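A short write-up of the structure that comes next.
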Number of protein chains: 2
Amino acid sequence: MERTEQGVDLPTSVGYLLKEVATALRAEMERVLRPLSMTVTHYSCLELLAQRPGASSSQLARGTFVTRQSMHVLLQTLEREGHVVRATEPGGGRAMPVEITAEGRRRLAVASAAVRSVEARMLDGLGDDEATLRALLQRCRASLRG
Amino acid sequence: MERTEQGVDLPTSVGYLLKEVATALRAEMERVLRPLSMTVTHYSCLELLAQRPGASSSQLARGTFVTRQSMHVLLQTLEREGHVVRATEPGGGRAMPVEITAEGRRRLAVASAAVRSVEARMLDGLGDDEATLRALLQRCRASLRG
DNA sequence: CGCCGCATGTCAGTCTTCTGACATGAGCAA
DNA sequence: TTGCTCATGTCAGAAGACTGACATGCGGCG
């Protein structure tokens with residue numbers, strides 16, 4: 001019951017539970033993405049890029065919860081594999097717009113379907129409670145930011 | 001609305017939201033733990049150890065979501081700092097029981113209070129919905145494991 | 001008994017990510 | 001204009017975590 005005791009009661013701590021679910025979700029994503037020769041990080045980057053074409057490296061970094069330095073090396077890999085294309089010169093400001101290629105979109109379509117199936121399984125049987133869960137998580141996010 | 005479309009709609013995806021909240025929570029934990037010269041990983045290990053005295057390195061690893069190899073080096077650090085003590089020989093089986101020291105408990109008490117305040121802030125204003133959130137997360141965890 | 005599977009501890013190497021630092025370019029205000 | 005601030009790109013090094021591998025000890029089963 002998470003009483004006001006000395007220490008956090010792990011089994012009932014919402015924070016710990018959050019970590020458990022997030023870890024399990026990531027593990028499942030890795031499992032279904034492995035046969036596609038794609039990591040969760042690669043997938044996340046492509047998914048975000050498909051929704052925000054021309055985004056900069058820094059913007060992609062923020063959206064995928066890594067540093068811009070990490071995104072920098074990740075994009076080098078994705079470019080080498082032909083999944084994305086980086087502009088050779090700034091498109092206004094210092095930002096270098098990144099675009100997903102046709103090949104990238106093909107790979108993403110398969111990966112995205114796999115990931116959606118995982119998320120669907122996680123939410124299986126929740127019904128209307130899915131909206132409740134989403135709303136509660138959004139409130140948590142807002143509280144943490146304040 | 002996360003329609004059955006091509007691709008995952010990030011802003012409304014429960015999976016993405018989960019990652020956002022988990023990341024924000026971890027960042028806040030790091031922020032309050034930093035003045036105590038303690039990392040989230042160190043704290044997690046001590047917290048778990050306080051609740052499961054005599055746990056093995058592998059058990060601690062599973063409970064903190066890292067590999068047993070990582071826990072191995074982490075315990076070396078914690079032992080060097082005098083926060084834990086490792087048995088010199090197996091206590092039945094190959095497992096080497098680990099114990100938290102008095103110094104470790106003192107450090108943990110302060111850290112635990114800080115972390116609880118972060119979690120409390122995240123859950124601020126949720127009221128009875130906290131139990132709902134916990135129940136929904138537990139259902140997600142169960143669905144992913146199946 | 002002997003064999004096999006399984007969990008654990010540990011060593012070595014690799015890989016990913018992060019921190020720190022610096023330069024560049026845009027925007028804003030004095 | 002000049003100067004300040006901020007975001008961005010990039011390079012280099014350090015830290016953390018992981019994968020792979022091997023040895024050891026327990027337990028079940030033929």
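To be explicit about the labels: the chains of the structure tokens are called A, B, and onward in the order shown, and within each one the residues are counted from 1, while ligands get numbers from 1 in the order they are shown.
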
- prompt: Skipping near chain neighbours, those fewer than 2 positions away, what residues fall within 8 Å of A:Glu103 using only C-alpha atoms (C1' of nucleotides), listed as a ChimeraX atom specification?
  reply: /A:82-83,101,105-107

message: Using only C-alpha atoms (C1' of nucleotides), which protein or nucleic acid residues come within 10 Å of stretch 120-122 of chain B? Drop anything in the same chain fewer than 3 positions from it, and give the result as a PyMOL selection string.
response: (chain A and resi 14-15+137+139-146) or (chain B and resi 21+24-25+28+114-117+125-126)

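A straight line drawn from atom CA of B:Glu119 to atom CA of B:Leu10 is 24.7 Å long.
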
task: Identify all chain C residues at most 8 Å from chain A by counting only C-alpha atoms (C1' of nucleotides); ligands do not count. Present them as a PyMOL selection string.
output: chain C and resi 17-18+24-26

Could you dump the residues just selected with N, CA and C atoms (P, O5', C5', C4', C3', O3' and C1' of nucleotides) as a PDB file, in the first residue's frame?
ATOM      1  P    DT C  17      22.579   3.700 -28.438  1.00  0.00           P
ATOM      2  O5'  DT C  17      22.984   4.685 -27.249  1.00  0.00           O
ATOM      3  C5'  DT C  17      22.860   4.235 -25.916  1.00  0.00           C
ATOM      4  C4'  DT C  17      23.544   5.205 -24.970  1.00  0.00           C
ATOM      5  C3'  DT C  17      23.259   6.687 -25.290  1.00  0.00           C
ATOM      6  O3'  DT C  17      22.488   7.259 -24.237  1.00  0.00           O
ATOM      7  C1'  DT C  17      25.572   6.300 -24.806  1.00  0.00           C
ATOM      8  P    DC C  18      22.181   8.817 -24.190  1.00  0.00           P
ATOM      9  O5'  DC C  18      23.338   9.391 -23.264  1.00  0.00           O
ATOM     10  C5'  DC C  18      23.577   8.781 -21.991  1.00  0.00           C
ATOM     11  C4'  DC C  18      24.838   9.348 -21.359  1.00  0.00           C
ATOM     12  C3'  DC C  18      24.854  10.874 -21.301  1.00  0.00           C
ATOM     13  O3'  DC C  18      24.928  11.326 -19.964  1.00  0.00           O
ATOM     14  C1'  DC C  18      26.875  10.027 -22.271  1.00  0.00           C
ATOM     15  P    DT C  24      33.899  28.942 -36.512  1.00  0.00           P
ATOM     16  O5'  DT C  24      32.360  28.730 -36.858  1.00  0.00           O
ATOM     17  C5'  DT C  24      31.932  27.542 -37.526  1.00  0.00           C
ATOM     18  C4'  DT C  24      30.419  27.542 -37.637  1.00  0.00           C
ATOM     19  C3'  DT C  24      29.816  28.848 -38.160  1.00  0.00           C
ATOM     20  O3'  DT C  24      28.829  28.553 -39.130  1.00  0.00           O
ATOM     21  C1'  DT C  24      28.776  28.246 -36.146  1.00  0.00           C
ATOM     22  P    DG C  25      28.563  29.640 -40.284  1.00  0.00           P
ATOM     23  O5'  DG C  25      27.067  30.075 -39.928  1.00  0.00           O
ATOM     24  C5'  DG C  25      26.018  29.129 -40.059  1.00  0.00           C
ATOM     25  C4'  DG C  25      24.828  29.558 -39.228  1.00  0.00           C
ATOM     26  C3'  DG C  25      24.321  30.977 -39.510  1.00  0.00           C
ATOM     27  O3'  DG C  25      22.953  30.914 -39.921  1.00  0.00           O
ATOM     28  C1'  DG C  25      24.512  30.576 -37.174  1.00  0.00           C
ATOM     29  P    DA C  26      22.191  32.192 -40.407  1.00  0.00           P
ATOM     30  O5'  DA C  26      21.079  32.314 -39.270  1.00  0.00           O
ATOM     31  C5'  DA C  26      20.285  31.179 -38.977  1.00  0.00           C
ATOM     32  C4'  DA C  26      19.373  31.456 -37.794  1.00  0.00           C
ATOM     33  C3'  DA C  26      18.609  32.776 -37.901  1.00  0.00           C
ATOM     34  O3'  DA C  26      17.250  32.570 -37.539  1.00  0.00           O
ATOM     35  C1'  DA C  26      19.897  32.738 -35.891  1.00  0.00           C
TER      36       DA C  26
END

Could you give me, as a compact mmCIF listing (two decimals) with C-alpha atoms (C1' of nucleotides), in the first residue's frame, the residues within 12 Å of D:DT5, counting only C-alpha atoms (C1' of nucleotides) and dropping anything in the same chain fewer than 6 positions from it?
# COMPACT_ATOMS: atom_id res chain seq x y z
C1' DA C 26 19.90 32.74 -35.89
C1' DG C 27 17.26 35.91 -33.08
C1' DC C 28 16.81 39.67 -30.02
C1' DA C 29 17.91 43.85 -27.60

message: I'd like the neighbourhood of C:DG9 as an MDAnalysis selection string, where a residue qualifies if any of its atoms comes within 12 Å (using only C-alpha atoms (C1' of nucleotides)), though same-chain residues fewer than 2 positions away should be ignored.
response: (chainID B and resid 56:58 68:69 71:73 89:90 93:97) or (chainID C and resid 7 11) or (chainID D and resid 22:25)

Output the selection as a CSV table (one decimal), in the first residue's frame - C-alpha atoms (C1' of nucleotides) for each residue.
chain,number,residue,atom,x,y,z
B,56,SER,CA,22.5,-12.7,-4.6
B,57,SER,CA,24.1,-10.6,-7.3
B,58,SER,CA,21.9,-12.2,-9.9
B,68,ARG,CA,24.3,-9.8,-13.7
B,69,GLN,CA,27.7,-8.7,-15.2
B,71,MET,CA,25.6,-5.7,-11.2
B,72,HIS,CA,28.9,-7.4,-10.5
B,73,VAL,CA,30.9,-4.3,-11.2
B,89,GLU,CA,32.0,-17.9,0.3
B,90,PRO,CA,28.7,-19.3,-1.1
B,93,GLY,CA,24.6,-23.1,-4.0
B,94,ARG,CA,27.0,-20.8,-5.8
B,95,ALA,CA,25.1,-17.6,-4.7
B,96,MET,CA,27.1,-15.1,-2.7
B,97,PRO,CA,24.8,-13.3,-0.3
C,7,DA,C1',21.4,-20.7,-12.3
C,11,DC,C1',36.6,-12.6,-16.9
D,22,DC,C1',33.8,-20.6,-19.3
D,23,DA,C1',33.8,-22.8,-14.6
D,24,DT,C1',31.2,-24.2,-10.7
D,25,DG,C1',27.5,-26.0,-7.9

- request: Name the residues of stretch 21-123 of chain B that come out as helix (DSSP H, G or I) in a backbone DSSP run; write them as a ChimeraX atom specification.
  value: /B:21-36,40-51,57-64,68-80,102-122

Residues of chain D within 12 Å of chain B, using only C-alpha atoms (C1' of nucleotides), as a compact mmCIF listing (two decimals) with N, CA and C atoms (P, O5', C5', C4', C3', O3' and C1' of nucleotides), in the first residue's frame?
# COMPACT_ATOMS: atom_id res chain seq x y z
P DG D 16 30.35 5.18 -14.42
O5' DG D 16 29.24 4.32 -15.17
C5' DG D 16 28.16 4.96 -15.81
C4' DG D 16 27.52 4.01 -16.81
C3' DG D 16 27.22 2.64 -16.20
O3' DG D 16 25.79 2.51 -16.09
C1' DG D 16 28.29 2.46 -18.35
P DA D 17 25.21 1.11 -15.53
O5' DA D 17 25.14 0.25 -16.87
C5' DA D 17 24.28 0.67 -17.92
C4' DA D 17 24.37 -0.33 -19.05
C3' DA D 17 24.12 -1.77 -18.59
O3' DA D 17 22.93 -2.28 -19.17
C1' DA D 17 26.07 -1.59 -20.00
P DC D 18 22.61 -3.84 -19.08
O5' DC D 18 23.22 -4.49 -20.41
C5' DC D 18 23.00 -3.85 -21.67
C4' DC D 18 23.78 -4.57 -22.76
C3' DC D 18 23.60 -6.08 -22.72
O3' DC D 18 23.02 -6.56 -23.91
C1' DC D 18 25.92 -5.47 -22.80
P DT D 19 22.74 -8.15 -24.00
O5' DT D 19 24.00 -8.76 -24.75
C5' DT D 19 24.38 -8.25 -26.03
C4' DT D 19 25.57 -9.03 -26.56
C3' DT D 19 25.38 -10.56 -26.54
O3' DT D 19 25.87 -11.11 -27.76
C1' DT D 19 27.31 -9.96 -25.29
P DG D 20 25.74 -12.68 -28.01
O5' DG D 20 27.15 -13.24 -27.51
C5' DG D 20 28.35 -12.67 -28.01
C4' DG D 20 29.56 -13.41 -27.47
C3' DG D 20 29.36 -14.92 -27.31
O3' DG D 20 30.50 -15.60 -27.84
C1' DG D 20 30.10 -14.00 -25.26
P DA D 23 36.27 -24.05 -18.90
O5' DA D 23 35.95 -23.88 -17.34
C5' DA D 23 36.68 -22.92 -16.57
C4' DA D 23 36.09 -22.80 -15.19
C3' DA D 23 35.78 -24.15 -14.53
O3' DA D 23 36.18 -24.13 -13.17
C1' DA D 23 33.80 -22.83 -14.65
P DT D 24 35.98 -25.46 -12.31
O5' DT D 24 34.71 -25.09 -11.43
C5' DT D 24 34.72 -23.91 -10.64
C4' DT D 24 33.37 -23.75 -9.95
C3' DT D 24 32.88 -25.00 -9.22
O3' DT D 24 32.39 -24.61 -7.94
C1' DT D 24 31.21 -24.21 -10.67
P DG D 25 32.49 -25.61 -6.70
O5' DG D 25 30.94 -25.91 -6.42
C5' DG D 25 30.13 -24.92 -5.82
C4' DG D 25 28.67 -25.17 -6.15
C3' DG D 25 28.12 -26.52 -5.66
O3' DG D 25 27.07 -26.27 -4.74
C1' DG D 25 27.46 -26.05 -7.91
P DC D 26 26.47 -27.44 -3.86
O5' DC D 26 25.00 -27.55 -4.45
C5' DC D 26 24.19 -26.39 -4.52
C4' DC D 26 22.98 -26.65 -5.40
C3' DC D 26 22.22 -27.93 -5.04
O3' DC D 26 20.88 -27.60 -4.67
C1' DC D 26 22.61 -27.78 -7.40
P DG D 27 19.95 -28.73 -4.06
O5' DG D 27 19.17 -29.23 -5.36
C5' DG D 27 18.49 -28.29 -6.18
C4' DG D 27 17.86 -29.01 -7.36
C3' DG D 27 17.21 -30.33 -6.97
O3' DG D 27 15.89 -30.39 -7.49
C1' DG D 27 18.75 -30.64 -8.77

Which parts of stretch 40-132 of chain B does DSSP call strand (DSSP E) when run on the backbone here, written out as a compact mmCIF listing (two decimals) with C-alpha atoms, in the first residue's frame?
# COMPACT_ATOMS: atom_id res chain seq x y z
CA VAL B 84 27.39 -3.28 1.11
CA VAL B 85 29.25 -6.39 2.20
CA ARG B 86 29.62 -9.56 0.16
CA VAL B 98 25.06 -9.56 -0.20
CA GLU B 99 24.19 -7.45 2.83
CA ILE B 100 23.65 -3.73 3.21

message: What's the separation between atom CA of B:Arg62 and atom CA of A:Arg26, in Å to one decimal place?
response: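 Those two atoms sit 15.3 Å apart.
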